[in-house]
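Here's the structure we're looking at; comments come further down.
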Amino acid sequence: MRGYLPTLATLWLSAASPVWAYTAYVSNEKGNTVSVIDTDKWAVTNTIKVGQRPRGIEFTRDGKFVMVAVGDDDTIQMIDTKTLQVVDTLPSGPDPELFTQDASGKILYVANENDNTVTVIDIEKRTRLGSIQVGVEPEGMTVSPDGKILINTSETTNMAHFIDTATRQVVASVLVGSRPRFAEFKHDGSELWVSSEIGGTVSIIDPVKHVVTGKVTFNIPGLRSEAIQPVGIGITKDDKTAFVALGPANRVAVVDAASHAVTKYLLVGQRVWHMAFTPDEKYLLATNGVSNDVSVIDVASQKVVKTIQVGELPWGVTISP
C-alpha cells in the first residue's frame, strides 16, 4: 500500500544520522515550482517559484547551483542553493527539456525538443558555444564515462545519436524502440541503455560497435502492455542493478544489469517518471507525475519506504553531490 512505512523502516529512518542527509530538488512541471526535500526529515522544506514548465533539473558539479530547464520560457534557470533564489539564466535554445554536463562541469549539453538540436553552453561564462543538429524531438542526454561521446535520443526519429564531444559531430545513429526518452551508460562504459516509452522496452547498445545487443522487456500481470512505458533509468555504481521507471504502470522495475532480466517490480505512485540516487546510493527517489509525490526506495532492500507529497506534476529530480 502506497504511503505505508513498515515499523522497522520507520525506526531505521528516524535513527539515520544527519551526516547522511542530502537535499533533493524536484521540478514540478505543471506547478511551475521546484520542491526542496530534506532527506534526513524526508519532508519538503521549501518551494521555489520558477519559470513555465520546469522539467530537466541537475546540480552543477560544485553543488552551488541547481539548473532547471523551463521549457515554455526557452531558458535554463540557475537556483542558488544557499539563498534558494533564481539568480541567473543560461541561453538554452528553444524548449529545453533534458540536459547533461561534461565531467568538468564546464560544458552543458541541452536537448531542444522543438528545434531538433542540441545546444552547447559554457556554464561559467553563461554563453552559447554552438548547436548540433540531431533527429526530431530530441530528449534523452548523457555523456560516456570517458567523456568522449555525447548521447542524444530523438523521440520521433527513434534513434540514439552518438556525438563526438571534440568535433561536435554525429558519428553514429542507432535505431531503437519507439519514442526513446532516456539514456544511461553503465559506469564501466560497456553498455548504453535507452528506454523506449511507446516501444515498451529498454535497448542495450554496444557503444563501440553501435549496435543493439539486447533488450529488457517487461511483463506485469494484470496490466496491458500499452500501460508499461519505460522512461527514467538508474544504474548502481557497481553496474550490478538497474532501476527502470515504467510510467503509467506505476512501477519501478528492478533489473539484473548483467543478465538484463527483471527481478522485481516495485509499486510506486502514479505515472512514475524520473529518478535519482542519493550519493551514497542508500536511496533512490522517483517522481510520480499524476499522484504529485515522490517515492523513496531503499536500494539495499529494494522496497518503497516513504512517500513525499510535492508540487503539481513532478517530473525531474536531482540530489546534492
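For the C-alpha cells, the naming scheme is as follows: chains receive sequential letters (A, B, ...) according to their order of presentation, residues are indexed from 1 within each chain, and ligands are indexed from 1 in presentation order.
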Worksheet item: Taking the backbone alone, and naming residues the way the document does, which bits of stretch 167-219 of chain A are strand (DSSP E) by DSSP, as an MDAnalysis selection string?
Response: chainID A and resid 169:175 180:185 192:196 201:206 211:216
Just-selected residues, N, CA, C and O atoms written as a tab-separated table (two decimals), in the first residue's frame:
chain	number	residue	atom	x	y	z
A	169	GLN	N	30.26	16.46	-33.81
A	169	GLN	CA	29.64	15.87	-35.00
A	169	GLN	C	28.99	14.54	-34.63
A	169	GLN	O	29.53	13.79	-33.82
A	170	VAL	N	27.85	14.24	-35.25
A	170	VAL	CA	27.21	12.94	-35.06
A	170	VAL	C	28.03	11.90	-35.82
A	170	VAL	O	28.25	12.03	-37.03
A	171	VAL	N	28.50	10.88	-35.09
A	171	VAL	CA	29.34	9.86	-35.70
A	171	VAL	C	28.61	8.54	-35.93
A	171	VAL	O	29.08	7.68	-36.68
A	172	ALA	N	27.45	8.39	-35.29
A	172	ALA	CA	26.64	7.18	-35.50
A	172	ALA	C	25.23	7.43	-34.98
A	172	ALA	O	25.03	8.26	-34.08
A	173	SER	N	24.27	6.73	-35.57
A	173	SER	CA	22.88	6.78	-35.10
A	173	SER	C	22.35	5.36	-35.05
A	173	SER	O	22.48	4.62	-36.03
A	174	VAL	N	21.78	4.98	-33.93
A	174	VAL	CA	21.31	3.62	-33.73
A	174	VAL	C	19.79	3.62	-33.58
A	174	VAL	O	19.25	4.34	-32.71
A	175	LEU	N	19.12	2.82	-34.37
A	175	LEU	CA	17.66	2.71	-34.29
A	175	LEU	C	17.27	1.90	-33.06
A	175	LEU	O	17.79	0.81	-32.83
A	180	PRO	N	12.11	6.96	-27.83
A	180	PRO	CA	13.15	6.86	-26.80
A	180	PRO	C	13.19	8.12	-25.94
A	180	PRO	O	13.22	9.23	-26.45
A	181	ARG	N	13.20	7.93	-24.62
A	181	ARG	CA	13.09	9.05	-23.69
A	181	ARG	C	14.34	9.31	-22.86
A	181	ARG	O	14.57	10.42	-22.42
A	182	PHE	N	15.13	8.29	-22.61
A	182	PHE	CA	16.22	8.44	-21.64
A	182	PHE	C	17.37	7.53	-22.03
A	182	PHE	O	17.17	6.46	-22.60
A	183	ALA	N	18.59	7.96	-21.71
A	183	ALA	CA	19.79	7.16	-21.99
A	183	ALA	C	20.70	7.16	-20.78
A	183	ALA	O	20.87	8.19	-20.12
A	184	GLU	N	21.32	6.01	-20.52
A	184	GLU	CA	22.22	5.89	-19.37
A	184	GLU	C	23.32	4.87	-19.68
A	184	GLU	O	23.04	3.76	-20.14
A	185	PHE	N	24.57	5.27	-19.47
A	185	PHE	CA	25.69	4.35	-19.62
A	185	PHE	C	25.89	3.55	-18.34
A	185	PHE	O	25.66	4.05	-17.24
A	192	LEU	N	25.26	0.98	-23.24
A	192	LEU	CA	24.37	2.14	-23.19
A	192	LEU	C	22.94	1.61	-23.15
A	192	LEU	O	22.55	0.80	-23.99
A	193	TRP	N	22.16	2.08	-22.16
A	193	TRP	CA	20.77	1.68	-22.03
A	193	TRP	C	19.87	2.83	-22.49
A	193	TRP	O	20.05	3.97	-22.05
A	194	VAL	N	18.92	2.54	-23.37
A	194	VAL	CA	18.00	3.55	-23.88
A	194	VAL	C	16.56	3.06	-23.69
A	194	VAL	O	16.19	2.00	-24.20
A	195	SER	N	15.76	3.84	-22.97
A	195	SER	CA	14.37	3.47	-22.74
A	195	SER	C	13.49	3.95	-23.89
A	195	SER	O	13.67	5.05	-24.41
A	196	SER	N	12.54	3.11	-24.30
A	196	SER	CA	11.59	3.46	-25.36
A	196	SER	C	10.18	3.42	-24.78
A	196	SER	O	9.65	2.34	-24.49
A	201	THR	N	10.25	-1.07	-24.14
A	201	THR	CA	11.47	-1.82	-23.87
A	201	THR	C	12.62	-0.88	-23.52
A	201	THR	O	12.53	0.32	-23.69
A	202	VAL	N	13.72	-1.48	-23.06
A	202	VAL	CA	14.99	-0.77	-22.92
A	202	VAL	C	15.99	-1.45	-23.84
A	202	VAL	O	16.23	-2.66	-23.71
A	203	SER	N	16.55	-0.71	-24.78
A	203	SER	CA	17.55	-1.26	-25.70
A	203	SER	C	18.93	-1.21	-25.06
A	203	SER	O	19.31	-0.20	-24.46
A	204	ILE	N	19.67	-2.30	-25.20
A	204	ILE	CA	21.05	-2.37	-24.73
A	204	ILE	C	21.95	-2.22	-25.95
A	204	ILE	O	21.89	-3.02	-26.88
A	205	ILE	N	22.78	-1.18	-25.95
A	205	ILE	CA	23.60	-0.86	-27.11
A	205	ILE	C	25.08	-1.03	-26.79
A	205	ILE	O	25.55	-0.60	-25.74
A	206	ASP	N	25.80	-1.66	-27.72
A	206	ASP	CA	27.25	-1.72	-27.63
A	206	ASP	C	27.77	-0.37	-28.11
A	206	ASP	O	27.62	-0.02	-29.29
A	211	VAL	N	25.62	-1.05	-32.09
A	211	VAL	CA	24.55	-1.98	-32.42
A	211	VAL	C	23.78	-2.35	-31.16
A	211	VAL	O	24.33	-2.35	-30.06
A	212	VAL	N	22.48	-2.65	-31.33
A	212	VAL	CA	21.66	-3.14	-30.22
A	212	VAL	C	21.99	-4.61	-30.00
A	212	VAL	O	21.87	-5.43	-30.91
A	213	THR	N	22.44	-4.93	-28.79
A	213	THR	CA	22.83	-6.30	-28.48
A	213	THR	C	21.78	-7.06	-27.68
A	213	THR	O	21.87	-8.28	-27.52
A	214	GLY	N	20.79	-6.34	-27.17
A	214	GLY	CA	19.75	-6.99	-26.39
A	214	GLY	C	18.69	-5.99	-25.97
A	214	GLY	O	18.82	-4.79	-26.21
A	215	LYS	N	17.62	-6.50	-25.36
A	215	LYS	CA	16.56	-5.64	-24.89
A	215	LYS	C	16.02	-6.13	-23.55
A	215	LYS	O	15.95	-7.34	-23.31
A	216	VAL	N	15.68	-5.18	-22.69
A	216	VAL	CA	14.98	-5.51	-21.45
A	216	VAL	C	13.50	-5.39	-21.73
A	216	VAL	O	13.03	-4.36	-22.24
Item to complete: Show which residues sit within 10 Å of A:Ser104, as a count of residues only. Count only C-alpha atoms, and ignore same-chain residues fewer than 2 positions away.
Response: 8
Item to complete: Figure out the distance between atom CA of A:Leu108 and atom CA of A:Asp74, please, to one decimal in Å.
Response: 15.2 Å
Practice prompt. Can you work out the spacing between atom CA of A:Val110 and atom CA of A:Asp122 in Å, to one decimal?
Written response: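 Distance reported for this atom pair: 11.3 Å.
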Worksheet entry | Closest of A:Ile79, A:Val134, A:Val231, A:Ile121 to A:Ser178 - atom-to-atom distances counting only C-alpha atoms |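 Checking each candidate against A:Ser178, we get A:Val231 as the closest.
Note that atom CA of A:Val66 and atom CA of A:Gln302 are 28.2 Å apart.
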